[in-house]
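Below is final.cif, which holds mmCIF, N, CA and C atoms and all ligand atoms.
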data_model
#
loop_
_atom_site.label_atom_id
_atom_site.label_comp_id
_atom_site.auth_asym_id
_atom_site.auth_seq_id
_atom_site.Cartn_x
_atom_site.Cartn_y
_atom_site.Cartn_z
N MET A 1228 -20.64 28.73 24.91
CA MET A 1228 -20.91 30.06 24.36
C MET A 1228 -20.37 30.15 22.93
N THR A 1229 -21.24 30.62 22.06
CA THR A 1229 -20.83 30.74 20.66
C THR A 1229 -19.99 32.00 20.47
N LEU A 1230 -18.93 31.86 19.73
CA LEU A 1230 -18.09 33.02 19.45
C LEU A 1230 -18.69 33.79 18.28
N LEU A 1231 -18.73 35.09 18.42
CA LEU A 1231 -19.31 35.90 17.36
C LEU A 1231 -18.23 36.63 16.58
N TRP A 1232 -18.53 36.83 15.34
CA TRP A 1232 -17.63 37.62 14.50
C TRP A 1232 -17.72 39.08 14.94
N MET A 1233 -16.58 39.75 14.99
CA MET A 1233 -16.59 41.17 15.36
C MET A 1233 -15.92 41.99 14.27
N ASP A 1234 -16.43 43.18 14.08
CA ASP A 1234 -15.89 44.03 13.02
C ASP A 1234 -14.40 44.30 13.19
N ARG A 1235 -13.97 44.36 14.45
CA ARG A 1235 -12.55 44.67 14.65
C ARG A 1235 -11.63 43.52 14.17
N LEU A 1236 -12.23 42.38 13.89
CA LEU A 1236 -11.43 41.26 13.36
C LEU A 1236 -11.28 41.35 11.84
N ALA A 1237 -12.05 42.24 11.23
CA ALA A 1237 -12.01 42.34 9.77
C ALA A 1237 -10.66 42.89 9.30
N THR A 1238 -10.16 42.33 8.20
CA THR A 1238 -8.92 42.84 7.62
C THR A 1238 -9.22 43.84 6.50
N GLY A 1239 -10.46 43.82 6.04
CA GLY A 1239 -10.82 44.69 4.91
C GLY A 1239 -10.57 44.02 3.57
N ILE A 1240 -10.04 42.80 3.60
CA ILE A 1240 -9.82 42.03 2.37
C ILE A 1240 -10.95 40.98 2.33
N GLU A 1241 -11.81 41.15 1.36
CA GLU A 1241 -13.05 40.38 1.35
C GLU A 1241 -12.85 38.85 1.43
N VAL A 1242 -12.00 38.34 0.59
CA VAL A 1242 -11.84 36.88 0.56
C VAL A 1242 -11.29 36.36 1.90
N VAL A 1243 -10.40 37.13 2.51
CA VAL A 1243 -9.81 36.74 3.79
C VAL A 1243 -10.87 36.79 4.89
N ASP A 1244 -11.64 37.87 4.92
CA ASP A 1244 -12.68 38.01 5.96
C ASP A 1244 -13.74 36.92 5.85
N GLU A 1245 -14.09 36.61 4.63
CA GLU A 1245 -15.09 35.56 4.43
C GLU A 1245 -14.57 34.22 4.95
N GLN A 1246 -13.32 33.92 4.65
CA GLN A 1246 -12.73 32.66 5.12
C GLN A 1246 -12.57 32.66 6.63
N HIS A 1247 -12.22 33.82 7.20
CA HIS A 1247 -12.10 33.89 8.67
C HIS A 1247 -13.44 33.60 9.34
N GLN A 1248 -14.51 34.05 8.72
CA GLN A 1248 -15.83 33.79 9.30
C GLN A 1248 -16.18 32.30 9.19
N ASN A 1249 -15.81 31.68 8.10
CA ASN A 1249 -16.01 30.22 7.98
C ASN A 1249 -15.19 29.47 9.03
N PHE A 1250 -13.99 29.96 9.24
CA PHE A 1250 -13.09 29.37 10.23
C PHE A 1250 -13.74 29.42 11.61
N LEU A 1251 -14.31 30.56 11.91
CA LEU A 1251 -14.99 30.75 13.19
C LEU A 1251 -16.16 29.76 13.34
N LYS A 1252 -16.86 29.54 12.24
CA LYS A 1252 -17.98 28.60 12.26
C LYS A 1252 -17.49 27.19 12.61
N ILE A 1253 -16.37 26.80 12.03
CA ILE A 1253 -15.83 25.46 12.31
C ILE A 1253 -15.39 25.37 13.77
N ILE A 1254 -14.78 26.46 14.28
CA ILE A 1254 -14.36 26.46 15.69
C ILE A 1254 -15.60 26.34 16.61
N ASN A 1255 -16.64 27.04 16.26
CA ASN A 1255 -17.87 26.96 17.05
C ASN A 1255 -18.46 25.55 17.03
N GLU A 1256 -18.39 24.90 15.89
CA GLU A 1256 -18.88 23.52 15.81
C GLU A 1256 -18.04 22.60 16.69
N LEU A 1257 -16.73 22.85 16.67
CA LEU A 1257 -15.82 22.07 17.50
C LEU A 1257 -16.18 22.26 18.98
N LYS A 1258 -16.42 23.51 19.35
CA LYS A 1258 -16.81 23.82 20.74
C LYS A 1258 -18.08 23.08 21.13
N GLU A 1259 -19.03 23.07 20.21
CA GLU A 1259 -20.30 22.40 20.50
C GLU A 1259 -20.12 20.91 20.72
N THR A 1260 -19.22 20.33 19.93
CA THR A 1260 -18.95 18.89 20.07
C THR A 1260 -18.52 18.56 21.50
N PHE A 1261 -17.80 19.52 22.13
CA PHE A 1261 -17.25 19.27 23.46
C PHE A 1261 -18.07 19.84 24.59
N ALA A 1262 -19.11 20.58 24.27
CA ALA A 1262 -19.83 21.35 25.28
C ALA A 1262 -20.12 20.55 26.55
N GLY A 1263 -19.68 21.07 27.69
CA GLY A 1263 -19.94 20.44 28.98
C GLY A 1263 -18.98 19.30 29.30
N ARG A 1264 -18.10 18.95 28.36
CA ARG A 1264 -17.19 17.82 28.62
C ARG A 1264 -15.73 18.24 28.45
N GLU A 1265 -15.50 19.54 28.62
CA GLU A 1265 -14.17 20.09 28.30
C GLU A 1265 -13.03 19.45 29.10
N GLN A 1266 -13.34 19.10 30.36
CA GLN A 1266 -12.25 18.57 31.20
C GLN A 1266 -12.26 17.05 31.32
N GLU A 1267 -13.14 16.41 30.61
CA GLU A 1267 -13.21 14.94 30.67
C GLU A 1267 -12.16 14.31 29.76
N ALA A 1268 -11.65 13.19 30.23
CA ALA A 1268 -10.75 12.45 29.35
C ALA A 1268 -11.60 11.97 28.17
N ILE A 1269 -10.99 11.93 26.99
CA ILE A 1269 -11.76 11.54 25.82
C ILE A 1269 -11.81 10.01 25.72
N GLY A 1270 -13.00 9.48 25.79
CA GLY A 1270 -13.16 8.03 25.72
C GLY A 1270 -12.95 7.52 24.30
N GLN A 1271 -12.65 6.26 24.23
CA GLN A 1271 -12.41 5.60 22.94
C GLN A 1271 -13.53 5.90 21.94
N GLU A 1272 -14.78 5.84 22.45
CA GLU A 1272 -15.92 5.99 21.53
C GLU A 1272 -16.04 7.41 20.96
N ASN A 1273 -15.47 8.39 21.68
CA ASN A 1273 -15.57 9.78 21.19
C ASN A 1273 -14.38 10.22 20.35
N ARG A 1274 -13.34 9.43 20.40
CA ARG A 1274 -12.10 9.87 19.75
C ARG A 1274 -12.28 10.13 18.27
N MET A 1275 -12.96 9.23 17.60
CA MET A 1275 -13.09 9.37 16.16
C MET A 1275 -13.97 10.55 15.78
N GLU A 1276 -14.97 10.80 16.62
CA GLU A 1276 -15.86 11.94 16.38
C GLU A 1276 -15.05 13.24 16.49
N ILE A 1277 -14.24 13.32 17.53
CA ILE A 1277 -13.44 14.52 17.74
C ILE A 1277 -12.34 14.63 16.68
N TYR A 1278 -11.79 13.48 16.33
CA TYR A 1278 -10.77 13.48 15.28
C TYR A 1278 -11.34 14.05 13.98
N ARG A 1279 -12.56 13.67 13.67
CA ARG A 1279 -13.19 14.18 12.44
C ARG A 1279 -13.37 15.70 12.49
N SER A 1280 -13.72 16.23 13.67
CA SER A 1280 -13.85 17.69 13.81
C SER A 1280 -12.50 18.37 13.62
N LEU A 1281 -11.46 17.76 14.22
CA LEU A 1281 -10.12 18.35 14.09
C LEU A 1281 -9.63 18.30 12.65
N LEU A 1282 -9.98 17.24 11.98
CA LEU A 1282 -9.58 17.07 10.59
C LEU A 1282 -10.22 18.16 9.72
N GLU A 1283 -11.45 18.46 10.03
CA GLU A 1283 -12.15 19.50 9.28
C GLU A 1283 -11.47 20.85 9.50
N LEU A 1284 -11.10 21.09 10.75
CA LEU A 1284 -10.40 22.33 11.09
C LEU A 1284 -9.06 22.40 10.36
N ARG A 1285 -8.33 21.30 10.36
CA ARG A 1285 -7.01 21.28 9.70
C ARG A 1285 -7.15 21.50 8.20
N ASP A 1286 -8.11 20.82 7.59
CA ASP A 1286 -8.35 20.98 6.15
C ASP A 1286 -8.64 22.43 5.81
N TYR A 1287 -9.51 23.04 6.62
CA TYR A 1287 -9.89 24.41 6.30
C TYR A 1287 -8.73 25.37 6.54
N ALA A 1288 -7.98 25.14 7.62
CA ALA A 1288 -6.83 25.99 7.93
C ALA A 1288 -5.82 25.92 6.78
N PHE A 1289 -5.60 24.71 6.29
CA PHE A 1289 -4.64 24.49 5.20
C PHE A 1289 -5.05 25.27 3.95
N PHE A 1290 -6.33 25.15 3.61
CA PHE A 1290 -6.87 25.85 2.45
C PHE A 1290 -6.77 27.37 2.64
N HIS A 1291 -7.17 27.83 3.82
CA HIS A 1291 -7.20 29.27 4.10
C HIS A 1291 -5.79 29.87 4.13
N PHE A 1292 -4.83 29.16 4.73
CA PHE A 1292 -3.46 29.68 4.78
C PHE A 1292 -2.90 29.80 3.37
N GLY A 1293 -3.29 28.88 2.51
CA GLY A 1293 -2.85 28.95 1.11
C GLY A 1293 -3.33 30.24 0.47
N THR A 1294 -4.57 30.61 0.74
CA THR A 1294 -5.12 31.86 0.19
C THR A 1294 -4.29 33.05 0.66
N GLU A 1295 -4.05 33.11 1.96
CA GLU A 1295 -3.29 34.25 2.51
C GLU A 1295 -1.86 34.26 1.97
N GLU A 1296 -1.25 33.10 1.91
CA GLU A 1296 0.15 33.06 1.48
C GLU A 1296 0.31 33.48 0.03
N ARG A 1297 -0.64 33.09 -0.81
CA ARG A 1297 -0.59 33.53 -2.21
C ARG A 1297 -0.72 35.05 -2.30
N LEU A 1298 -1.61 35.61 -1.49
CA LEU A 1298 -1.79 37.08 -1.50
C LEU A 1298 -0.52 37.78 -1.00
N MET A 1299 0.09 37.21 0.04
CA MET A 1299 1.30 37.83 0.59
C MET A 1299 2.45 37.79 -0.41
N VAL A 1300 2.58 36.66 -1.10
CA VAL A 1300 3.67 36.52 -2.07
C VAL A 1300 3.44 37.47 -3.25
N SER A 1301 2.21 37.49 -3.77
CA SER A 1301 1.98 38.31 -4.97
C SER A 1301 2.07 39.80 -4.65
N SER A 1302 1.88 40.18 -3.38
CA SER A 1302 1.98 41.61 -3.03
C SER A 1302 3.34 41.93 -2.40
N LYS A 1303 4.25 40.95 -2.42
CA LYS A 1303 5.60 41.13 -1.86
C LYS A 1303 5.56 41.63 -0.41
N TYR A 1304 4.78 40.96 0.40
CA TYR A 1304 4.65 41.33 1.82
C TYR A 1304 5.98 41.11 2.53
N PRO A 1305 6.54 42.16 3.14
CA PRO A 1305 7.88 42.02 3.74
C PRO A 1305 7.92 41.05 4.93
N ASP A 1306 6.78 40.86 5.60
CA ASP A 1306 6.75 39.99 6.78
C ASP A 1306 6.25 38.58 6.45
N PHE A 1307 6.30 38.25 5.17
CA PHE A 1307 5.73 36.98 4.71
C PHE A 1307 6.28 35.75 5.46
N ILE A 1308 7.59 35.65 5.58
CA ILE A 1308 8.17 34.41 6.15
C ILE A 1308 7.73 34.21 7.61
N ARG A 1309 7.73 35.32 8.36
CA ARG A 1309 7.31 35.21 9.76
C ARG A 1309 5.84 34.79 9.85
N HIS A 1310 5.03 35.38 8.99
CA HIS A 1310 3.60 35.06 8.99
C HIS A 1310 3.37 33.60 8.57
N LYS A 1311 4.04 33.20 7.53
CA LYS A 1311 3.90 31.82 7.04
C LYS A 1311 4.35 30.82 8.11
N THR A 1312 5.39 31.18 8.85
CA THR A 1312 5.87 30.30 9.92
C THR A 1312 4.78 30.09 10.98
N LYS A 1313 4.03 31.15 11.26
CA LYS A 1313 2.93 31.02 12.24
C LYS A 1313 1.85 30.07 11.71
N HIS A 1314 1.59 30.14 10.41
CA HIS A 1314 0.63 29.19 9.82
C HIS A 1314 1.15 27.76 9.97
N ASP A 1315 2.41 27.58 9.63
CA ASP A 1315 2.99 26.23 9.70
C ASP A 1315 2.96 25.69 11.13
N ASP A 1316 3.26 26.57 12.09
CA ASP A 1316 3.27 26.15 13.50
C ASP A 1316 1.87 25.70 13.94
N PHE A 1317 0.86 26.39 13.43
CA PHE A 1317 -0.52 26.02 13.79
C PHE A 1317 -0.85 24.63 13.25
N ILE A 1318 -0.50 24.40 11.99
CA ILE A 1318 -0.78 23.08 11.38
C ILE A 1318 -0.01 21.99 12.12
N LYS A 1319 1.25 22.28 12.46
CA LYS A 1319 2.06 21.29 13.19
C LYS A 1319 1.42 20.97 14.54
N LYS A 1320 0.94 22.02 15.20
CA LYS A 1320 0.29 21.82 16.50
C LYS A 1320 -0.98 20.97 16.35
N LEU A 1321 -1.72 21.20 15.25
CA LEU A 1321 -2.91 20.37 15.03
C LEU A 1321 -2.52 18.91 14.84
N PHE A 1322 -1.44 18.67 14.09
CA PHE A 1322 -0.98 17.29 13.92
C PHE A 1322 -0.63 16.67 15.28
N ASP A 1323 0.07 17.46 16.11
CA ASP A 1323 0.45 16.95 17.44
C ASP A 1323 -0.80 16.61 18.27
N MET A 1324 -1.80 17.50 18.18
CA MET A 1324 -3.01 17.25 18.95
C MET A 1324 -3.76 16.03 18.44
N GLU A 1325 -3.72 15.83 17.12
CA GLU A 1325 -4.37 14.64 16.56
C GLU A 1325 -3.70 13.37 17.10
N GLN A 1326 -2.37 13.39 17.14
CA GLN A 1326 -1.63 12.24 17.67
C GLN A 1326 -1.99 11.99 19.13
N ALA A 1327 -1.96 13.09 19.92
CA ALA A 1327 -2.27 12.96 21.35
C ALA A 1327 -3.69 12.45 21.54
N LEU A 1328 -4.59 12.95 20.72
CA LEU A 1328 -5.99 12.52 20.80
C LEU A 1328 -6.09 11.02 20.53
N LEU A 1329 -5.47 10.59 19.45
CA LEU A 1329 -5.60 9.19 19.06
C LEU A 1329 -4.90 8.25 20.04
N HIS A 1330 -3.89 8.79 20.77
CA HIS A 1330 -3.23 7.98 21.79
C HIS A 1330 -3.86 8.13 23.16
N GLY A 1331 -4.94 8.93 23.22
CA GLY A 1331 -5.71 9.01 24.46
C GLY A 1331 -5.17 9.93 25.53
N SER A 1332 -4.29 10.88 25.16
CA SER A 1332 -3.74 11.74 26.20
C SER A 1332 -4.09 13.21 25.98
N LEU A 1333 -5.37 13.49 25.87
CA LEU A 1333 -5.79 14.86 25.60
C LEU A 1333 -7.18 15.07 26.18
N VAL A 1334 -7.39 16.26 26.76
CA VAL A 1334 -8.77 16.60 27.15
C VAL A 1334 -9.28 17.65 26.17
N PRO A 1335 -10.59 17.63 25.87
CA PRO A 1335 -11.13 18.55 24.87
C PRO A 1335 -10.82 20.02 25.16
N GLY A 1336 -10.83 20.40 26.46
CA GLY A 1336 -10.59 21.79 26.82
C GLY A 1336 -9.26 22.31 26.30
N SER A 1337 -8.23 21.45 26.28
CA SER A 1337 -6.91 21.92 25.84
C SER A 1337 -6.91 22.22 24.35
N ILE A 1338 -7.71 21.48 23.59
CA ILE A 1338 -7.80 21.73 22.15
C ILE A 1338 -8.46 23.09 21.92
N ILE A 1339 -9.63 23.25 22.56
CA ILE A 1339 -10.39 24.48 22.40
C ILE A 1339 -9.57 25.70 22.82
N GLU A 1340 -8.91 25.56 23.97
CA GLU A 1340 -8.11 26.68 24.49
C GLU A 1340 -7.05 27.11 23.49
N TYR A 1341 -6.32 26.14 22.96
CA TYR A 1341 -5.27 26.46 22.01
C TYR A 1341 -5.82 27.14 20.76
N VAL A 1342 -6.88 26.55 20.21
CA VAL A 1342 -7.44 27.07 18.96
C VAL A 1342 -8.00 28.48 19.15
N LEU A 1343 -8.65 28.71 20.30
CA LEU A 1343 -9.21 30.05 20.55
C LEU A 1343 -8.12 31.09 20.76
N ASP A 1344 -7.11 30.74 21.53
CA ASP A 1344 -5.99 31.68 21.74
C ASP A 1344 -5.36 32.03 20.41
N TRP A 1345 -5.17 31.01 19.60
CA TRP A 1345 -4.55 31.23 18.29
C TRP A 1345 -5.42 32.13 17.43
N TYR A 1346 -6.70 31.85 17.43
CA TYR A 1346 -7.63 32.63 16.61
C TYR A 1346 -7.57 34.12 16.99
N ARG A 1347 -7.64 34.38 18.30
CA ARG A 1347 -7.62 35.78 18.77
C ARG A 1347 -6.31 36.46 18.40
N GLU A 1348 -5.22 35.77 18.67
CA GLU A 1348 -3.90 36.36 18.43
C GLU A 1348 -3.62 36.52 16.93
N HIS A 1349 -3.88 35.47 16.18
CA HIS A 1349 -3.51 35.49 14.76
C HIS A 1349 -4.43 36.38 13.93
N ILE A 1350 -5.72 36.18 14.10
CA ILE A 1350 -6.67 36.95 13.29
C ILE A 1350 -6.79 38.37 13.83
N GLY A 1351 -6.70 38.49 15.17
CA GLY A 1351 -6.80 39.82 15.78
C GLY A 1351 -5.57 40.69 15.57
N LYS A 1352 -4.39 40.07 15.36
CA LYS A 1352 -3.16 40.88 15.24
C LYS A 1352 -2.39 40.61 13.94
N THR A 1353 -1.91 39.36 13.83
CA THR A 1353 -1.02 39.04 12.69
C THR A 1353 -1.70 39.32 11.34
N ASP A 1354 -2.95 38.90 11.22
CA ASP A 1354 -3.65 39.10 9.94
C ASP A 1354 -4.04 40.55 9.71
N GLN A 1355 -4.16 41.32 10.81
CA GLN A 1355 -4.49 42.73 10.65
C GLN A 1355 -3.34 43.46 9.94
N ALA A 1356 -2.13 43.13 10.35
CA ALA A 1356 -0.95 43.76 9.74
C ALA A 1356 -0.88 43.40 8.26
N MET A 1357 -1.15 42.14 7.96
CA MET A 1357 -1.16 41.70 6.55
C MET A 1357 -2.24 42.46 5.77
N GLY A 1358 -3.42 42.62 6.39
CA GLY A 1358 -4.53 43.32 5.74
C GLY A 1358 -4.16 44.75 5.39
N GLN A 1359 -3.47 45.42 6.32
CA GLN A 1359 -3.03 46.81 6.06
C GLN A 1359 -2.15 46.87 4.82
N HIS A 1360 -1.22 45.95 4.78
CA HIS A 1360 -0.29 45.90 3.65
C HIS A 1360 -1.05 45.62 2.34
N LEU A 1361 -1.96 44.64 2.38
CA LEU A 1361 -2.68 44.27 1.16
C LEU A 1361 -3.56 45.41 0.65
N LYS A 1362 -4.19 46.12 1.59
CA LYS A 1362 -5.04 47.24 1.18
C LYS A 1362 -4.19 48.33 0.51
N ALA A 1363 -3.05 48.64 1.13
CA ALA A 1363 -2.17 49.66 0.57
C ALA A 1363 -1.66 49.23 -0.80
N TYR A 1364 -1.32 47.94 -0.90
CA TYR A 1364 -0.80 47.41 -2.17
C TYR A 1364 -1.87 47.50 -3.26
N MET A 1365 -3.08 47.11 -2.92
CA MET A 1365 -4.14 47.13 -3.92
C MET A 1365 -4.48 48.55 -4.34
N GLN A 1366 -4.43 49.45 -3.38
CA GLN A 1366 -4.70 50.85 -3.70
C GLN A 1366 -3.65 51.38 -4.66
N ALA A 1367 -2.40 51.05 -4.34
CA ALA A 1367 -1.29 51.52 -5.20
C ALA A 1367 -1.41 50.95 -6.61
N GLN A 1368 -1.97 49.74 -6.68
CA GLN A 1368 -2.14 49.09 -7.98
C GLN A 1368 -3.40 49.60 -8.69
N GLY A 1369 -4.20 50.36 -7.95
CA GLY A 1369 -5.46 50.86 -8.49
C GLY A 1369 -6.49 49.76 -8.69
N ARG A 1370 -6.33 48.71 -7.88
CA ARG A 1370 -7.25 47.58 -8.01
C ARG A 1370 -8.27 47.56 -6.92
N ASP A 1371 -9.42 46.99 -7.23
CA ASP A 1371 -10.43 46.83 -6.21
C ASP A 1371 -10.04 45.67 -5.31
N ASN A 1372 -10.50 45.74 -4.10
CA ASN A 1372 -10.28 44.65 -3.16
C ASN A 1372 -11.21 43.50 -3.51
N GLU A 1373 -10.60 42.34 -3.79
CA GLU A 1373 -11.48 41.19 -4.05
C GLU A 1373 -10.90 39.97 -3.37
FE FE B 1401 -2.68 34.42 8.63
#

Take the structure in the file and write it out as structure tokens.
Amino acid sequence: MTLLWMDRLATGIEVVDEQHQNFLKIINELKETFAGREQEAIGQENRMEIYRSLLELRDYAFFHFGTEERLMVSSKYPDFIRHKTKHDDFIKKLFDMEQALLHGSLVPGSIIEYVLDWYREHIGKTDQAMGQHLKAYMQAQGRDNE
């Protein structure tokens, strides 16, 4: 099942929302790679294919977190360190999953489950709080949201 973007996930910050939608697209592609094989052990021949999907996810997450962190720092977001720690934990978890994958001790379902839970929790909650702050900050600065 393809995950759809929902308005309630929007932060109201254009660049962030656009990147979140791209993120969702990558997650959906990852899901498709595993479709119907979620509980199967990953065979040698599939490892590199799945590794490449995970690498794409990690690259995009890294780039996207940089965008958010720059916005949080420049707007003096009081919850910056806690939020940044959640980003770091996600990247660390991806590294761990890559290792487990390459050593053959991972089923696709566990990857998808983790990434989806994280997406719902982080984008649905943590990023919403950041969005509120950024909108208020931009308004106070008299700047348009970009
Ligand atoms: Fe975030």

Which chains and residue numbers are within 8 Å of ligand FE 1401 (chain B), counting all atoms listed in the file, if I want them as an NGL selection string? :A and (1291-1292 or 1295-1296 or 1310-1311 or 1313-1314 or 1349-1350 or 1353-1355 or 1357)

Residue nearest Phe1317 in chain A among A:Val1242, A:Met1299, A:Ile1277, A:Ala1288 (counting only C-alpha atoms): A:Ala1288

Could you tell me how far CA of Leu1282 in chain A lies from atom C of Glu1265 in chain A, in Å and to one decimal?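 These atoms are spaced 19.0 Å apart.
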
Just list the residues in range 1243-1354 of chain A DSSP gives alpha helix (DSSP H) on the backbone, as a ChimeraX atom specification. /A:1243-1261,1271-1301,1307-1329,1335-1348,1354

Tell me, counting only C-alpha atoms, for each residue of range 1299-1323 of chain A within 12 Å of range 1331-1343 of chain A, which pair of atoms is nearest and how far apart they are in Å to one decimal, in rows ordered by chain and increasing number, as a tab-separated table.
residue	atom	partner	partner_atom	distance
A:Phe1317	CA	A:Val1342	CA	8.7
A:Ile1318	CA	A:Val1342	CA	10.9
A:Lys1320	CA	A:Tyr1341	CA	9.1
A:Leu1321	CA	A:Ile1338	CA	8.7
A:Phe1322	CA	A:Ile1338	CA	11.6
A:Asp1323	CA	A:Leu1333	CA	10.5

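The closest residue to Glu1283 in chain A, picked from A:Leu1329, A:Ile1269, A:Ile1240, A:Ile1253 and counting only N, CA and C atoms, is A:Ile1253.
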
One residue among A:Ile1254, A:Ile1308, A:Ala1327, A:Val1243 is nearest to Arg1347 in chain A when using only C-alpha atoms, and that residue is A:Ile1254

Mind pulling up the distance from atom C of Leu1281 in chain A to atom C of Gly1293 in chain A? 18.2 Å

How far is it from atom N of Glu1276 in chain A to atom C of Phe1250 in chain A, in Å with one decimal?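 Going from atom N of Glu1276 in chain A over to atom C of Phe1250 in chain A covers 19.3 Å.
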
Closest to Gly1239 in chain A among A:Ala1262, A:Pro1305, A:Lys1362, A:Gln1368, using all atoms listed in the file?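 Residue with the minimum atom-to-atom distance to Gly1239 in chain A: A:Lys1362.
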
Axis-aligned box over every listed atom of range 1279-1285 of chain A, padded by 3 Å per side: centre and edges in Å to one decimal, as AutoDock Vina command-line options?
--center_x -10.4 --center_y 18.0 --center_z 11.2 --size_x 12.8 --size_y 14.7 --size_z 12.0

With distances taken over only N, CA and C atoms, which residue among A:Glu1267, A:Met1365, A:Lys1303, A:Trp1232 lies nearest Leu1251 in chain A?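 Checking each of A:Glu1267, A:Met1365, A:Lys1303, A:Trp1232 against Leu1251 in chain A, counting only N, CA and C atoms, the winner is A:Trp1232.
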